[in-house]
Amino acid sequence: MQYRKLGDSDLSVSEISLGSWLTYGVGVEREAARACLDRAFDLGINFIDTANVYGRGAAESVLGELLAERPRSSYVLATKVFGAMSDTDRGLSAAQIAKQIDASLTRLKVDFVDLYQCHRYDTETPLEETMEALTKVVRQGKARYIGFSEWAPAQIEAALALGGVEKFVSSQPQYSLLWRRPEEKVIPISAANGISQVVWSPLAQGVLTGKYAPGAAPPAGTRATSDSMGGAMRNWLEPRILDAVQHLKPLALEAGCTLTQFALAWVLREPNVASAIVGASRPEQLNENAAASGLAIDPALFAKAEALVAGLERGR
């Protein structure tokens, strides 16, 4: 496993990180979650990402139980705030941030998180209020650094322009061969301001593994067949997308790796990316994912891959 510095922080994070959206405490049983977490540590993955809203606290609670068995210094822990935790609890107001950080720390059974992220931008709360509240969280020792997820370029720049507040060190965008929107503005702005990308859905919800064939039923036991996890990926299961992905397989073969590893290595080819978040319901999935770290692949193969999916990428 290779490691990269997270923005202008002193955090060193594994190039492959373990996420918990739709999985731990939601679509994956506790003992399966334990097995995945144990395998992640065995493989050198030290970066764990979650959010308060995943299962409305369930993912944080499962991780809190499992991580309590390990030294706090052995992992980098990130969570997020914004999503609805009740009919009245949501957003990035000062009151909500103060309430939700304490609730997250309780569920995670830790005194602090390494990275506290705004899950989305809150248009109903003044940016100054949000940034001052996040700054208070850092200065109280409840979080070491702050980040954001899926903020628009203008929103990022507005936050950077504020004085007297903590600066963001991370951005968490969707980014993959099939979703390249961050390249236009978010990555350049981030790179110029000490902010790294922590990428979610680098495999386009599993479509870039190549296991979903056009015209065929999804394989049994995959995310696409799950009632709790399948809904998030239906837009990716279009025949033209699945067909193009099948044509990527010979490129991965030429590179000497699996298509999964090829797709993750493509994301990691971007210097501003610190880590690619993967989800896993089985430990063996992590074996394959982790092997993408440090892969040296001919850029010409990546260029061919980009040409094959040209016009199919979402978010362009």
# chains A, B, ... in the order shown; residues from 1 in each chain; ligands from 1
>>> residues_around(residues="segment 157-162 of chain A", least_positions_apart="3", cutoff="10 Å", atoms="only C-alpha atoms", output="list of chain:residue names")
A:Leu127, A:Glu128, A:Thr130, A:Met131, A:Glu132, A:Trp151, A:Ala152, A:Pro153, A:Ala154, A:Val165, A:Glu166, A:Lys167, A:Phe168, A:Val186, A:Ile189, A:Ser190, A:Asn193
>>> write_last_selection(atoms="C-alpha atoms", output="compact mmCIF listing (two decimals), in the first residue's frame")
# COMPACT_ATOMS: atom_id res chain seq x y z
CA LEU A 127 -21.26 30.28 4.91
CA GLU A 128 -19.60 32.35 7.62
CA THR A 130 -20.75 27.18 8.96
CA MET A 131 -17.04 27.94 8.74
CA GLU A 132 -16.93 29.51 12.20
CA TRP A 151 -19.31 21.77 -3.25
CA ALA A 152 -19.51 23.92 -6.36
CA PRO A 153 -16.37 25.81 -7.42
CA ALA A 154 -17.83 29.18 -6.38
CA VAL A 165 -11.26 30.37 10.01
CA GLU A 166 -9.77 26.92 9.51
CA LYS A 167 -8.96 26.02 5.92
CA PHE A 168 -10.22 22.95 4.14
CA VAL A 186 -12.69 21.58 -8.56
CA ILE A 189 -8.92 25.14 -7.42
CA SER A 190 -8.06 22.48 -4.87
CA ASN A 193 -5.05 25.80 -2.30
>>> select_by_dssp(residues="segment 39-264 of chain A", states="strand (DSSP E)", output="mmCIF file with C-alpha atoms, in the first residue's frame")
data_model
loop_
_atom_site.group_PDB
_atom_site.id
_atom_site.type_symbol
_atom_site.label_atom_id
_atom_site.label_comp_id
_atom_site.auth_asym_id
_atom_site.auth_seq_id
_atom_site.Cartn_x
_atom_site.Cartn_y
_atom_site.Cartn_z
ATOM 1 C CA PHE A 47 -8.142 5.627 6.077
ATOM 2 C CA ILE A 48 -11.768 4.972 7.072
ATOM 3 C CA ASP A 49 -14.568 7.210 5.772
ATOM 4 C CA VAL A 76 -7.252 8.014 10.044
ATOM 5 C CA LEU A 77 -10.967 8.500 10.657
ATOM 6 C CA ALA A 78 -13.247 10.771 8.637
ATOM 7 C CA THR A 79 -16.948 11.452 9.013
ATOM 8 C CA LYS A 80 -19.421 13.967 7.635
ATOM 9 C CA VAL A 81 -22.270 16.251 8.640
ATOM 10 C CA VAL A 113 -12.040 12.552 14.207
ATOM 11 C CA ASP A 114 -9.111 13.290 11.930
ATOM 12 C CA LEU A 115 -11.306 14.804 9.233
ATOM 13 C CA TYR A 116 -14.756 16.396 9.600
ATOM 14 C CA GLN A 117 -16.447 17.003 6.262
ATOM 15 C CA CYS A 118 -19.456 18.979 5.090
ATOM 16 C CA ALA A 143 -11.606 17.263 14.740
ATOM 17 C CA ARG A 144 -8.084 17.733 13.449
ATOM 18 C CA TYR A 145 -8.985 18.994 9.975
ATOM 19 C CA ILE A 146 -12.009 19.886 7.880
ATOM 20 C CA GLY A 147 -13.152 19.070 4.370
ATOM 21 C CA PHE A 148 -16.178 19.240 2.068
ATOM 22 C CA PHE A 168 -10.217 22.950 4.137
ATOM 23 C CA VAL A 169 -7.686 20.211 3.396
ATOM 24 C CA SER A 170 -9.918 17.818 1.474
ATOM 25 C CA SER A 171 -12.615 17.617 -1.168
ATOM 26 C CA SER A 196 -6.629 16.979 -1.879
ATOM 27 C CA GLN A 197 -9.386 14.874 -3.427
ATOM 28 C CA VAL A 198 -10.758 11.887 -1.548
ATOM 29 C CA VAL A 199 -12.754 10.245 -4.304
#
>>> residues_around(residues="Ala252 of chain A", least_positions_apart="4", cutoff="9 Å", atoms="only C-alpha atoms", output="ChimeraX atom specification")
/A:248,256-263,301
>>> residues_around(residues="segment 264-267 of chain A", least_positions_apart="2", cutoff="8 Å", atoms="only C-alpha atoms", output="NGL selection string")
:A and (175-177 or 202-203 or 260-262 or 269-270 or 273 or 276 or 289 or 292-295 or 297 or 302)
>>> closest_residue(among="A:Ser74, A:Glu65, A:Ala290, A:Asn52", to="Ala103 of chain A", atoms="only C-alpha atoms")
A:Asn52
>>> residues_around(residues="Ile277 of chain A", least_positions_apart="3", cutoff="7 Å", atoms="only C-alpha atoms", output="NGL selection string")
:A and (16-19 or 198-201)
>>> closest_residue(among="A:Thr135, A:Ser14, A:Gln285, A:Thr88", to="Ile45 of chain A", atoms="only C-alpha atoms")
A:Ser14
>>> closest_residue(among="A:Leu268, A:Ile187, A:Leu251, A:Leu178", to="Ala310 of chain A", atoms="only C-alpha atoms")
A:Leu178
>>> select_by_dssp(residues="segment 263-301 of chain A", states="alpha helix (DSSP H)", output="PyMOL selection string")
chain A and resi 263-268+283-290+299-301
>>> residues_around(residues="Val110 of chain A", least_positions_apart="5", cutoff="8 Å", atoms="only C-alpha atoms", output="list in words")
Gly64, Arg72 and Leu105 of chain A
